[in-house]
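Structure, as structure tokens:
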Amino acid sequence: MPGKEDAPSMSIPKSKAVVILAFSPPSEVLRNLKEKFRLIDSSGTSLSTAEILQLAVEHQAYGLMVSTEHRLGGEKISALPSSVKVIATSSVGFDHPDRPSAKARGIILTNTPSVLSEDTANLGFLLLLNVSRRAREY
């Protein structure tokens with residue numbers, strides 16, 4: 001995960017910046033985004049990576065909100081317009097956007113680093129109980 005020292009400085013545009021939503025986020029997230037940004041959304045469906053690139057160029061997007069199914073390799077990040085300053089991924093990891101390419105372009109990458117911590121711990125304890133009680137045998 002990139003540290004704060006890796007993050008380039010950025011200035012947010014005075015008018016509402018355009019953000020491409022490549023998937024449908026939870027309603028609370030969508031409501032907050034609508035207050036702050038002009039959204040180009042996927043209308044309830046997931047956009048392909050090619051569609052994201054096309055919309056980013058067409059609308060001179062400031063940010064992209066993607067998920068793990070959107071592979072943004074170096075060539076795709078190079079194809080983004082210079083207006084793109086942020087790529088936000090709704091995942092714990094950074095395995096789908098090319099970090100060195102984003103850093104070279106001055107694009108900030110964000111993620112949701114601890115979103116699954118509690119669920120992972122719960123599942124771990126469930127598995128421990130299952131094994132200790134030999135639940136599979138019943």
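Labeling convention for the structure tokens: chains A, B, ... as they appear, residues from 1 per chain, ligands from 1 in order of appearance.
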
*Tell me, as JSON, numbers by chain, which residues lie within 8 Å of Val86 (chain A), counting only C-alpha atoms; anything in the same chain fewer than 2 positions away does not count.*
{"A": [62, 63, 64, 84, 88, 107, 108, 109, 110]}

For the residues in that selection, give me C-alpha atoms as a short mmCIF file (atom, residue, chain, number, x, y, z; two decimals), in the first residue's frame.
```
data_model
loop_
_atom_site.label_atom_id
_atom_site.label_comp_id
_atom_site.auth_asym_id
_atom_site.auth_seq_id
_atom_site.Cartn_x
_atom_site.Cartn_y
_atom_site.Cartn_z
CA TYR A 62 -11.00 13.72 -12.63
CA GLY A 63 -11.41 10.32 -10.96
CA LEU A 64 -12.31 6.70 -11.56
CA VAL A 84 -7.45 11.81 -14.21
CA ALA A 88 -10.27 4.63 -6.20
CA ILE A 107 -2.32 9.52 -10.27
CA ILE A 108 -3.24 8.76 -6.67
CA LEU A 109 -4.48 5.22 -5.96
CA THR A 110 -6.79 4.58 -3.03
#
```

*asked:* Just checking: using only C-alpha atoms, which residue out of A:Ser101, A:Arg31, A:Asn111, A:Leu55 ends up closest to Val19 (chain A)?
replied: A:Leu55

As a PDB file with N, CA and C atoms, in the first residue's frame, please: every residue in region 34-134 of chain A that DSSP puts in strand (DSSP E or B).
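That gives us part_0.pdb:
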```
ATOM      1  N   ARG A  38     -19.732  15.327 -10.123  1.00  0.00           N
ATOM      2  CA  ARG A  38     -20.643  15.040 -11.229  1.00  0.00           C
ATOM      3  C   ARG A  38     -20.315  13.612 -11.656  1.00  0.00           C
ATOM      4  N   LEU A  39     -21.286  12.734 -11.511  1.00  0.00           N
ATOM      5  CA  LEU A  39     -21.040  11.313 -11.744  1.00  0.00           C
ATOM      6  C   LEU A  39     -21.454  10.871 -13.135  1.00  0.00           C
ATOM      7  N   ILE A  40     -20.607  10.057 -13.703  1.00  0.00           N
ATOM      8  CA  ILE A  40     -20.948   9.319 -14.920  1.00  0.00           C
ATOM      9  C   ILE A  40     -21.006   7.875 -14.445  1.00  0.00           C
ATOM     10  N   GLY A  63     -11.639  11.540 -11.715  1.00  0.00           N
ATOM     11  CA  GLY A  63     -11.407  10.321 -10.958  1.00  0.00           C
ATOM     12  C   GLY A  63     -12.159   9.139 -11.518  1.00  0.00           C
ATOM     13  N   LEU A  64     -11.663   7.963 -11.180  1.00  0.00           N
ATOM     14  CA  LEU A  64     -12.308   6.702 -11.557  1.00  0.00           C
ATOM     15  C   LEU A  64     -12.558   5.917 -10.281  1.00  0.00           C
ATOM     16  N   MET A  65     -13.724   5.306 -10.189  1.00  0.00           N
ATOM     17  CA  MET A  65     -14.022   4.417  -9.081  1.00  0.00           C
ATOM     18  C   MET A  65     -14.243   3.037  -9.677  1.00  0.00           C
ATOM     19  N   VAL A  66     -13.297   2.120  -9.408  1.00  0.00           N
ATOM     20  CA  VAL A  66     -13.283   0.807 -10.054  1.00  0.00           C
ATOM     21  C   VAL A  66     -13.327  -0.305  -9.010  1.00  0.00           C
ATOM     22  N   LEU A  72      -6.396  -2.403 -14.795  1.00  0.00           N
ATOM     23  CA  LEU A  72      -5.825  -1.196 -15.381  1.00  0.00           C
ATOM     24  C   LEU A  72      -4.311  -1.345 -15.419  1.00  0.00           C
ATOM     25  N   VAL A  86      -7.134  10.651  -9.720  1.00  0.00           N
ATOM     26  CA  VAL A  86      -7.388   9.665  -8.672  1.00  0.00           C
ATOM     27  C   VAL A  86      -8.040   8.423  -9.266  1.00  0.00           C
ATOM     28  N   ILE A  87      -7.572   7.259  -8.834  1.00  0.00           N
ATOM     29  CA  ILE A  87      -8.251   5.999  -9.118  1.00  0.00           C
ATOM     30  C   ILE A  87      -8.554   5.373  -7.767  1.00  0.00           C
ATOM     31  N   ALA A  88      -9.830   5.235  -7.468  1.00  0.00           N
ATOM     32  CA  ALA A  88     -10.267   4.632  -6.199  1.00  0.00           C
ATOM     33  C   ALA A  88     -10.775   3.235  -6.486  1.00  0.00           C
ATOM     34  N   THR A  89     -10.233   2.261  -5.778  1.00  0.00           N
ATOM     35  CA  THR A  89     -10.678   0.893  -5.969  1.00  0.00           C
ATOM     36  C   THR A  89     -11.382   0.400  -4.712  1.00  0.00           C
ATOM     37  N   PRO A  97      -4.772  -2.287 -10.503  1.00  0.00           N
ATOM     38  CA  PRO A  97      -4.211  -1.120 -11.197  1.00  0.00           C
ATOM     39  C   PRO A  97      -2.679  -1.198 -11.141  1.00  0.00           C
ATOM     40  N   ILE A 108      -3.149   9.323  -8.008  1.00  0.00           N
ATOM     41  CA  ILE A 108      -3.238   8.763  -6.668  1.00  0.00           C
ATOM     42  C   ILE A 108      -4.136   7.528  -6.704  1.00  0.00           C
ATOM     43  N   LEU A 109      -3.677   6.438  -6.084  1.00  0.00           N
ATOM     44  CA  LEU A 109      -4.478   5.222  -5.956  1.00  0.00           C
ATOM     45  C   LEU A 109      -4.971   5.121  -4.515  1.00  0.00           C
ATOM     46  N   THR A 110      -6.246   4.807  -4.364  1.00  0.00           N
ATOM     47  CA  THR A 110      -6.791   4.583  -3.027  1.00  0.00           C
ATOM     48  C   THR A 110      -7.479   3.224  -3.008  1.00  0.00           C
TER      49      THR A 110
END
```

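Closest approach to Lys76 (chain A) among A:Glu35, A:Ser42, A:Arg105, A:Val92: A:Arg105, based on only C-alpha atoms.
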
_I'd like the contact shell of Ser114 (chain A) - 12 Å cut-off, only C-alpha atoms, skipping same-chain residues fewer than 6 positions apart - returned as a PyMOL selection string._
chain A and resi 1+90-93+120-121

*asked:* When you look at Arg71 (chain A) with a cut-off of 9 Å (counting only C-alpha atoms), what residues show up, excluding the ones that are within fewer than 6 positions of it in the same chain? I need them as a ChimeraX atom specification.
replied: /A:49,95-98

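Near Thr45 (chain A), within 12 Å and counting only C-alpha atoms, sit A:Leu21, A:Ala22, A:Phe23, A:Ser24, A:Pro25, A:Asp41, A:Ser42, A:Ser43, A:Leu47, A:Ser48, A:Glu51, not including residues fewer than 2 positions from it in the same chain.
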
Mind checking DSSP for region 8-133 of chain A and telling me the helix (DSSP H, G or I) residues as a compact mmCIF listing (two decimals) with N, CA and C atoms, in the first residue's frame?
```txt
# COMPACT_ATOMS: atom_id res chain seq x y z
N SER A 27 -25.68 2.47 -1.59
CA SER A 27 -26.48 3.70 -1.72
C SER A 27 -25.92 4.87 -0.92
N GLU A 28 -25.37 4.63 0.26
CA GLU A 28 -24.81 5.71 1.06
C GLU A 28 -23.58 6.32 0.39
N VAL A 29 -22.75 5.48 -0.20
CA VAL A 29 -21.57 5.95 -0.92
C VAL A 29 -22.01 6.77 -2.13
N LEU A 30 -23.00 6.26 -2.86
CA LEU A 30 -23.51 6.96 -4.03
C LEU A 30 -24.07 8.33 -3.65
N ARG A 31 -24.80 8.40 -2.58
CA ARG A 31 -25.38 9.66 -2.12
C ARG A 31 -24.27 10.68 -1.80
N ASN A 32 -23.23 10.25 -1.10
CA ASN A 32 -22.12 11.14 -0.78
C ASN A 32 -21.37 11.60 -2.03
N LEU A 33 -21.19 10.69 -2.96
CA LEU A 33 -20.50 11.05 -4.21
C LEU A 33 -21.30 12.08 -5.00
N LYS A 34 -22.62 11.91 -5.06
CA LYS A 34 -23.47 12.84 -5.81
C LYS A 34 -23.40 14.25 -5.26
N GLU A 35 -23.17 14.38 -3.95
CA GLU A 35 -23.07 15.71 -3.35
C GLU A 35 -21.81 16.44 -3.78
N LYS A 36 -20.75 15.70 -4.03
CA LYS A 36 -19.44 16.31 -4.25
C LYS A 36 -18.96 16.30 -5.70
N THR A 49 -13.50 -2.27 -18.88
CA THR A 49 -12.34 -1.40 -18.82
C THR A 49 -12.28 -0.49 -20.04
N ALA A 50 -12.63 -1.01 -21.20
CA ALA A 50 -12.65 -0.20 -22.42
C ALA A 50 -13.66 0.94 -22.31
N GLU A 51 -14.83 0.65 -21.74
CA GLU A 51 -15.85 1.69 -21.55
C GLU A 51 -15.37 2.75 -20.57
N ILE A 52 -14.67 2.34 -19.53
CA ILE A 52 -14.13 3.29 -18.55
C ILE A 52 -13.17 4.25 -19.26
N LEU A 53 -12.26 3.69 -20.04
CA LEU A 53 -11.29 4.53 -20.76
C LEU A 53 -11.99 5.50 -21.70
N GLN A 54 -12.97 5.01 -22.44
CA GLN A 54 -13.70 5.86 -23.38
C GLN A 54 -14.41 7.00 -22.65
N LEU A 55 -15.09 6.70 -21.55
CA LEU A 55 -15.80 7.72 -20.79
C LEU A 55 -14.84 8.71 -20.13
N ALA A 56 -13.70 8.22 -19.67
CA ALA A 56 -12.71 9.11 -19.05
C ALA A 56 -12.20 10.14 -20.05
N VAL A 57 -11.96 9.71 -21.28
CA VAL A 57 -11.51 10.63 -22.33
C VAL A 57 -12.64 11.57 -22.73
N GLU A 58 -13.81 11.01 -22.96
CA GLU A 58 -14.97 11.78 -23.42
C GLU A 58 -15.36 12.89 -22.43
N HIS A 59 -15.31 12.60 -21.13
CA HIS A 59 -15.76 13.54 -20.11
C HIS A 59 -14.61 14.23 -19.37
N GLY A 74 -0.46 -0.95 -17.28
CA GLY A 74 0.30 0.24 -17.67
C GLY A 74 -0.19 0.89 -18.95
N GLU A 75 -0.52 0.06 -19.96
CA GLU A 75 -0.98 0.62 -21.24
C GLU A 75 -2.32 1.32 -21.10
N LYS A 76 -3.17 0.80 -20.23
CA LYS A 76 -4.48 1.43 -20.02
C LYS A 76 -4.34 2.72 -19.22
N ILE A 77 -3.48 2.73 -18.22
CA ILE A 77 -3.25 3.95 -17.45
C ILE A 77 -2.63 5.01 -18.34
N SER A 78 -1.75 4.61 -19.24
CA SER A 78 -1.15 5.57 -20.19
C SER A 78 -2.19 6.16 -21.12
N ARG A 99 0.47 0.09 -10.26
CA ARG A 99 0.92 1.15 -9.35
C ARG A 99 2.07 1.98 -9.91
N PRO A 100 3.13 1.37 -10.47
CA PRO A 100 4.22 2.20 -11.00
C PRO A 100 3.75 3.15 -12.11
N SER A 101 2.87 2.67 -12.98
CA SER A 101 2.36 3.52 -14.06
C SER A 101 1.53 4.68 -13.51
N ALA A 102 0.70 4.38 -12.52
CA ALA A 102 -0.10 5.43 -11.90
C ALA A 102 0.79 6.46 -11.22
N LYS A 103 1.79 5.99 -10.50
CA LYS A 103 2.71 6.90 -9.81
C LYS A 103 3.46 7.77 -10.81
N ALA A 104 3.90 7.17 -11.91
CA ALA A 104 4.62 7.93 -12.94
C ALA A 104 3.76 9.03 -13.55
N ARG A 105 2.46 8.79 -13.62
CA ARG A 105 1.52 9.78 -14.17
C ARG A 105 1.02 10.76 -13.11
N SER A 117 -11.61 -6.89 7.40
CA SER A 117 -10.89 -7.43 8.55
C SER A 117 -11.80 -8.17 9.52
N GLU A 118 -12.92 -7.58 9.89
CA GLU A 118 -13.82 -8.22 10.84
C GLU A 118 -14.43 -9.49 10.25
N ASP A 119 -14.84 -9.44 8.99
CA ASP A 119 -15.42 -10.62 8.35
C ASP A 119 -14.40 -11.76 8.26
N THR A 120 -13.15 -11.42 7.97
CA THR A 120 -12.11 -12.44 7.89
C THR A 120 -11.88 -13.08 9.26
N ALA A 121 -11.85 -12.26 10.31
CA ALA A 121 -11.69 -12.80 11.67
C ALA A 121 -12.87 -13.70 12.04
N ASN A 122 -14.07 -13.27 11.70
CA ASN A 122 -15.26 -14.09 11.99
C ASN A 122 -15.18 -15.45 11.29
N LEU A 123 -14.80 -15.43 10.04
CA LEU A 123 -14.70 -16.67 9.28
C LEU A 123 -13.62 -17.58 9.88
N GLY A 124 -12.50 -16.99 10.29
CA GLY A 124 -11.43 -17.76 10.92
C GLY A 124 -11.91 -18.47 12.17
N PHE A 125 -12.64 -17.75 13.02
CA PHE A 125 -13.16 -18.38 14.23
C PHE A 125 -14.22 -19.43 13.91
N LEU A 126 -15.04 -19.18 12.90
CA LEU A 126 -16.02 -20.17 12.48
C LEU A 126 -15.33 -21.47 12.06
N LEU A 127 -14.25 -21.35 11.30
CA LEU A 127 -13.51 -22.53 10.87
C LEU A 127 -12.85 -23.25 12.05
N LEU A 128 -12.30 -22.47 13.00
CA LEU A 128 -11.71 -23.08 14.20
C LEU A 128 -12.75 -23.87 14.99
N LEU A 129 -13.93 -23.28 15.18
CA LEU A 129 -14.99 -23.98 15.90
C LEU A 129 -15.44 -25.23 15.15
N ASN A 130 -15.53 -25.09 13.84
CA ASN A 130 -15.95 -26.22 13.01
C ASN A 130 -14.99 -27.40 13.19
N VAL A 131 -13.70 -27.13 13.14
CA VAL A 131 -12.70 -28.18 13.29
C VAL A 131 -12.70 -28.74 14.70
N SER A 132 -12.74 -27.85 15.71
CA SER A 132 -12.65 -28.31 17.10
C SER A 132 -13.88 -29.12 17.51
```

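Compared by their closest atoms to Ala17 (chain A), and using only C-alpha atoms, the residues A:Ser67, A:Thr112, A:Ser83, A:Ser46 rank with A:Ser83 nearest.
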